[in-house]
>>> print(open('model08.cif').read())   # mmCIF, C-alpha atoms and all ligand atoms
data_run
loop_
_atom_site.label_atom_id
_atom_site.label_comp_id
_atom_site.auth_asym_id
_atom_site.auth_seq_id
_atom_site.Cartn_x
_atom_site.Cartn_y
_atom_site.Cartn_z
CA MET A 1 205.22 -35.55 325.83
CA ASP A 2 206.70 -35.52 322.40
CA ILE A 3 204.98 -34.24 319.27
CA VAL A 4 203.93 -37.67 318.04
CA ALA A 5 202.49 -38.57 321.42
CA ALA A 6 200.69 -35.23 321.56
CA ILE A 7 199.25 -35.69 318.07
CA THR A 8 198.19 -39.22 318.94
CA SER A 9 196.62 -37.96 322.11
CA VAL A 10 194.81 -35.18 320.24
CA LYS A 11 193.61 -37.68 317.64
CA ALA A 12 192.39 -39.98 320.37
CA THR A 13 190.63 -37.09 322.10
CA VAL A 14 189.03 -35.99 318.82
CA GLY A 15 187.96 -39.59 318.24
CA LEU A 16 186.40 -39.72 321.70
CA LEU A 17 184.69 -36.40 321.10
CA ASP A 18 183.34 -37.68 317.78
CA LYS A 19 182.02 -40.79 319.50
CA TRP A 20 180.52 -38.68 322.27
CA ILE A 21 178.89 -36.34 319.71
CA GLU A 22 177.58 -39.33 317.73
CA THR A 23 176.20 -40.84 320.90
CA ARG A 24 174.72 -37.54 322.01
CA ASP A 25 173.25 -36.98 318.52
CA PHE A 26 171.88 -40.53 318.52
CA ILE A 27 170.16 -39.89 321.84
CA LYS A 28 168.93 -36.54 320.61
CA LEU A 29 167.75 -38.15 317.38
CA SER A 30 165.94 -40.83 319.38
CA GLU A 31 164.27 -38.16 321.48
CA LEU A 32 163.31 -36.22 318.36
CA LYS A 33 162.07 -39.40 316.73
CA ILE A 34 159.84 -40.17 319.72
CA GLU A 35 158.60 -36.58 319.75
CA LEU A 36 158.01 -36.72 316.02
CA GLN A 37 156.12 -40.00 316.34
CA GLY A 38 153.92 -38.39 318.99
CA THR A 39 153.22 -35.47 316.68
CA VAL A 40 152.47 -37.80 313.77
CA LEU A 41 150.09 -39.78 315.99
CA GLU A 42 148.29 -36.57 317.03
CA LEU A 43 148.07 -35.52 313.39
CA SER A 44 146.72 -38.94 312.43
CA ASN A 45 144.09 -38.74 315.15
CA SER A 46 143.17 -35.21 314.06
CA ALA A 47 142.95 -36.35 310.44
CA LEU A 48 140.68 -39.25 311.43
CA ASP A 49 138.52 -36.88 313.47
CA LEU A 50 138.32 -34.48 310.53
CA MET A 51 137.45 -37.31 308.15
CA ASP A 52 134.70 -38.39 310.54
CA ARG A 53 133.38 -34.83 310.69
CA LEU A 54 133.63 -34.55 306.92
CA ALA A 55 131.61 -37.76 306.50
CA LYS A 56 128.95 -36.42 308.88
CA CYS A 57 128.88 -33.08 307.05
CA GLU A 58 128.58 -34.92 303.74
CA ALA A 59 125.65 -36.95 305.08
CA ILE A 60 123.99 -33.75 306.31
CA ARG A 61 124.64 -32.10 302.93
CA ARG A 62 123.04 -35.04 301.11
CA ASP A 63 120.03 -34.94 303.46
CA LEU A 64 119.66 -31.19 302.94
CA GLU A 65 120.02 -31.58 299.18
CA SER A 66 117.35 -34.28 299.21
CA GLU A 67 115.08 -32.12 301.35
CA ASN A 68 115.72 -29.15 299.04
CA THR A 69 114.78 -31.26 296.01
CA LYS A 70 111.58 -32.38 297.74
CA LEU A 71 110.71 -28.79 298.65
CA GLN A 72 111.49 -27.55 295.13
CA ASN A 73 109.28 -30.28 293.69
CA ARG A 74 106.55 -29.39 296.15
CA ILE A 75 106.81 -25.69 295.24
CA THR A 76 106.62 -26.58 291.57
CA GLU A 77 103.68 -28.87 292.23
CA MET A 78 101.91 -26.25 294.34
CA GLY A 79 102.20 -23.84 291.43
CA SER A 80 99.51 -25.98 289.85
CA TYR A 81 97.12 -25.46 292.77
CA GLU A 82 95.53 -22.65 294.68
CA ILE A 83 93.54 -22.69 297.89
CA ALA A 84 89.84 -22.63 297.14
CA GLU A 85 86.59 -22.88 298.99
CA VAL A 86 85.31 -26.23 297.79
CA ARG A 87 81.96 -25.58 299.40
CA PRO A 88 80.97 -22.95 301.97
CA GLY A 89 83.33 -23.34 304.89
CA GLY A 90 85.29 -26.19 303.32
CA PHE A 91 88.67 -25.59 301.74
CA GLY A 92 90.92 -27.62 299.51
CA TYR A 93 93.49 -27.10 296.81
CA LYS A 94 92.01 -26.51 293.37
CA SER A 95 94.01 -27.40 290.29
CA VAL A 96 94.79 -24.43 288.07
CA ASP A 97 96.85 -26.31 285.49
CA SER A 98 94.86 -25.94 282.29
CA THR A 99 96.51 -29.02 280.79
CA LYS A 100 94.84 -31.28 283.37
CA PRO A 101 91.18 -31.75 284.28
CA MET A 102 90.09 -29.53 287.18
CA HIS A 103 90.17 -31.35 290.49
CA TYR A 104 90.59 -30.74 294.18
CA ILE A 105 93.12 -32.27 296.56
CA CYS A 106 92.81 -32.44 300.31
CA GLN A 107 94.42 -29.46 302.00
CA LEU A 108 94.81 -31.27 305.30
CA CYS A 109 96.68 -34.25 303.84
CA TYR A 110 98.87 -32.12 301.62
CA ASP A 111 99.78 -29.56 304.27
CA LYS A 112 100.38 -32.14 306.98
CA ASP A 113 102.19 -34.94 305.18
CA GLY A 114 102.59 -33.75 301.59
CA ILE A 115 100.12 -36.42 300.49
CA LYS A 116 98.31 -35.53 297.32
CA SER A 117 94.88 -37.04 297.97
CA PHE A 118 92.05 -36.22 295.58
CA LEU A 119 88.76 -35.03 297.02
CA HIS A 120 85.94 -37.22 295.78
CA GLU A 121 82.61 -35.60 295.11
CA TYR A 122 79.29 -37.16 296.05
CA PHE A 123 75.81 -36.03 296.96
CA SER A 124 74.34 -36.40 300.41
CA HIS A 125 70.80 -35.23 301.18
CA GLY A 126 70.80 -33.29 297.94
CA LYS A 127 74.02 -31.44 298.79
CA LYS A 128 77.37 -31.78 297.08
CA VAL A 129 79.94 -33.10 299.53
CA TYR A 130 83.64 -33.85 299.15
CA VAL A 131 85.50 -36.58 300.94
CA CYS A 132 89.19 -37.35 301.24
CA LEU A 133 89.73 -41.11 301.15
CA ALA A 134 93.10 -40.75 302.86
CA CYS A 135 92.08 -38.86 306.00
CA LYS A 136 88.33 -39.46 305.68
CA SER A 137 87.56 -35.77 306.15
CA HIS A 138 84.32 -34.52 304.64
CA LEU A 139 83.94 -31.05 303.24
ZN ZN B 1 92.84 -35.76 303.49
#
>>> encode(input="model08.cif", output="structure tokens")
Amino acid sequence: MDIVAAITSVKATVGLLDKWIETRDFIKLSELKIELQGTVLELSNSALDLMDRLAKCEAIRRDLESENTKLQNRITEMGSYEIAEVRPGGFGYKSVDSTKPMHYICQLCYDKDGIKSFLHEYFSHGKKVYVCLACKSHL
């Protein structure tokens, strides 16, 4: 083999090696691409799951915030009342807010459902009696 033939042969071999490397890299790249697509799909699914959880947490947060507001309002409102014996053995909430006329609200309705039902006063057999028009309880 002369020098020119050897160089040509080496060039041809290098060319074949380059093609082989390109082919091998292409296959490797395809494998990596498939693997990468799988990872991206898993990440997408995880992101969707996290977004779903976040939405649920946000809904729970809003519910808790709403409940907190209701409870804060109720605490504020209950600052205007104190438990009192409306008549012997009968209890209700008595208003203690000096800016409003004194009145009673039904303890049962308020404690059970948060309903602010006024106790109405009337006389029965010469005795003062209170009735809640919401739950119909008599005190
Ligand atoms: Zn009541």
>>> atom_distance(input="model08.cif", atom1="atom CA of A:Arg74", atom2="atom CA of A:Ser117")
14.1 Å
>>> closest_residue(input="model08.cif", among="A:Ala6, A:Ala12, A:Leu43, A:Leu119", to="ligand ZN 1 (chain B)", atoms="all atoms listed in the file")
A:Leu119
>>> residues_near_ligand(input="model08.cif", ligand="ligand ZN 1 (chain B)", cutoff="12 Å", atoms="all atoms listed in the file", output="compact mmCIF listing (two decimals) with C-alpha atoms, in the frame of the given file")
# COMPACT_ATOMS: atom_id res chain seq x y z
CA PHE A 91 88.67 -25.59 301.74
CA GLY A 92 90.92 -27.62 299.51
CA TYR A 93 93.49 -27.10 296.81
CA TYR A 104 90.59 -30.74 294.18
CA ILE A 105 93.12 -32.27 296.56
CA CYS A 106 92.81 -32.44 300.31
CA GLN A 107 94.42 -29.46 302.00
CA LEU A 108 94.81 -31.27 305.30
CA CYS A 109 96.68 -34.25 303.84
CA TYR A 110 98.87 -32.12 301.62
CA ASP A 111 99.78 -29.56 304.27
CA LYS A 112 100.38 -32.14 306.98
CA ASP A 113 102.19 -34.94 305.18
CA GLY A 114 102.59 -33.75 301.59
CA ILE A 115 100.12 -36.42 300.49
CA LYS A 116 98.31 -35.53 297.32
CA SER A 117 94.88 -37.04 297.97
CA PHE A 118 92.05 -36.22 295.58
CA LEU A 119 88.76 -35.03 297.02
CA HIS A 120 85.94 -37.22 295.78
CA TYR A 130 83.64 -33.85 299.15
CA VAL A 131 85.50 -36.58 300.94
CA CYS A 132 89.19 -37.35 301.24
CA LEU A 133 89.73 -41.11 301.15
CA ALA A 134 93.10 -40.75 302.86
CA CYS A 135 92.08 -38.86 306.00
CA LYS A 136 88.33 -39.46 305.68
CA SER A 137 87.56 -35.77 306.15
CA HIS A 138 84.32 -34.52 304.64
CA LEU A 139 83.94 -31.05 303.24
>>> atom_distance(input="model08.cif", atom1="atom CA of A:Lys94", atom2="atom CA of A:Ser66")
27.1 Å
>>> closest_residue(input="model08.cif", among="A:Val10, A:Asp63, A:Val96, A:Thr23", to="A:Ala84", atoms="all atoms listed in the file")
A:Val96
>>> atom_distance(input="model08.cif", atom1="atom CA of A:His125", atom2="atom CA of A:Pro88")
16.0 Å
>>> decode(input="model08.cif", residues="stretch 14-90 of chain A", atoms="C-alpha atoms", output="compact mmCIF listing (two decimals), in the first residue's frame")
# COMPACT_ATOMS: atom_id res chain seq x y z
CA VAL A 14 -12.22 8.10 9.82
CA GLY A 15 -15.27 8.91 7.70
CA LEU A 16 -16.83 5.57 8.62
CA LEU A 17 -16.01 6.14 12.27
CA ASP A 18 -17.60 9.60 12.10
CA LYS A 19 -20.72 8.10 10.54
CA TRP A 20 -20.76 5.35 13.15
CA ILE A 21 -20.33 7.92 15.97
CA GLU A 22 -23.08 10.11 14.46
CA THR A 23 -25.35 7.11 14.19
CA ARG A 24 -24.49 5.96 17.70
CA ASP A 25 -25.00 9.52 19.03
CA PHE A 26 -28.29 9.76 17.14
CA ILE A 27 -29.49 6.54 18.76
CA LYS A 28 -28.22 7.71 22.11
CA LEU A 29 -29.89 11.07 21.58
CA SER A 30 -33.14 9.32 20.67
CA GLU A 31 -32.91 7.23 23.82
CA LEU A 32 -32.18 10.32 25.90
CA LYS A 33 -35.02 12.17 24.19
CA ILE A 34 -37.45 9.37 25.04
CA GLU A 35 -36.15 9.27 28.61
CA LEU A 36 -36.40 13.04 28.83
CA GLN A 37 -39.95 12.98 27.48
CA GLY A 38 -40.85 10.43 30.16
CA THR A 39 -39.37 12.65 32.84
CA VAL A 40 -41.19 15.71 31.47
CA LEU A 41 -44.44 13.73 31.47
CA GLU A 42 -43.89 12.69 35.10
CA LEU A 43 -43.11 16.29 36.02
CA SER A 44 -46.24 17.48 34.21
CA ASN A 45 -48.36 14.94 36.06
CA SER A 46 -46.75 15.94 39.36
CA ALA A 47 -47.36 19.61 38.58
CA LEU A 48 -51.01 18.90 37.78
CA ASP A 49 -51.34 16.92 41.00
CA LEU A 50 -49.75 19.76 42.95
CA MET A 51 -52.02 22.30 41.28
CA ASP A 52 -55.02 20.16 42.21
CA ARG A 53 -53.80 19.95 45.81
CA LEU A 54 -53.13 23.68 45.83
CA ALA A 55 -56.68 24.37 44.61
CA LYS A 56 -58.08 22.12 47.36
CA CYS A 57 -55.88 23.81 49.97
CA GLU A 58 -57.01 27.21 48.70
CA ALA A 59 -60.66 26.16 48.99
CA ILE A 60 -60.02 24.91 52.54
CA ARG A 61 -58.21 28.17 53.36
CA ARG A 62 -61.16 30.21 52.08
CA ASP A 63 -63.60 28.07 54.08
CA LEU A 64 -61.48 28.46 57.22
CA GLU A 65 -61.15 32.19 56.64
CA SER A 66 -64.92 32.46 56.25
CA GLU A 67 -65.48 30.40 59.38
CA ASN A 68 -62.93 32.52 61.24
CA THR A 69 -64.74 35.70 60.17
CA LYS A 70 -68.06 34.24 61.35
CA LEU A 71 -66.54 33.25 64.68
CA GLN A 72 -64.88 36.64 65.12
CA ASN A 73 -68.19 38.34 64.38
CA ARG A 74 -69.93 36.05 66.82
CA ILE A 75 -67.32 36.78 69.51
CA THR A 76 -67.74 40.49 68.90
CA GLU A 77 -71.51 40.12 68.99
CA MET A 78 -71.39 38.04 72.17
CA GLY A 79 -69.41 40.81 73.82
CA SER A 80 -72.72 42.67 73.85
CA TYR A 81 -74.46 39.89 75.80
CA GLU A 82 -74.07 37.98 79.00
CA ILE A 83 -75.88 34.92 80.26
CA ALA A 84 -78.64 35.91 82.63
CA GLU A 85 -81.45 34.30 84.52
CA VAL A 86 -84.46 35.72 82.71
CA ARG A 87 -86.76 34.32 85.35
CA PRO A 88 -86.07 31.72 88.04
CA GLY A 89 -84.72 28.66 86.29
CA GLY A 90 -84.88 30.21 82.82
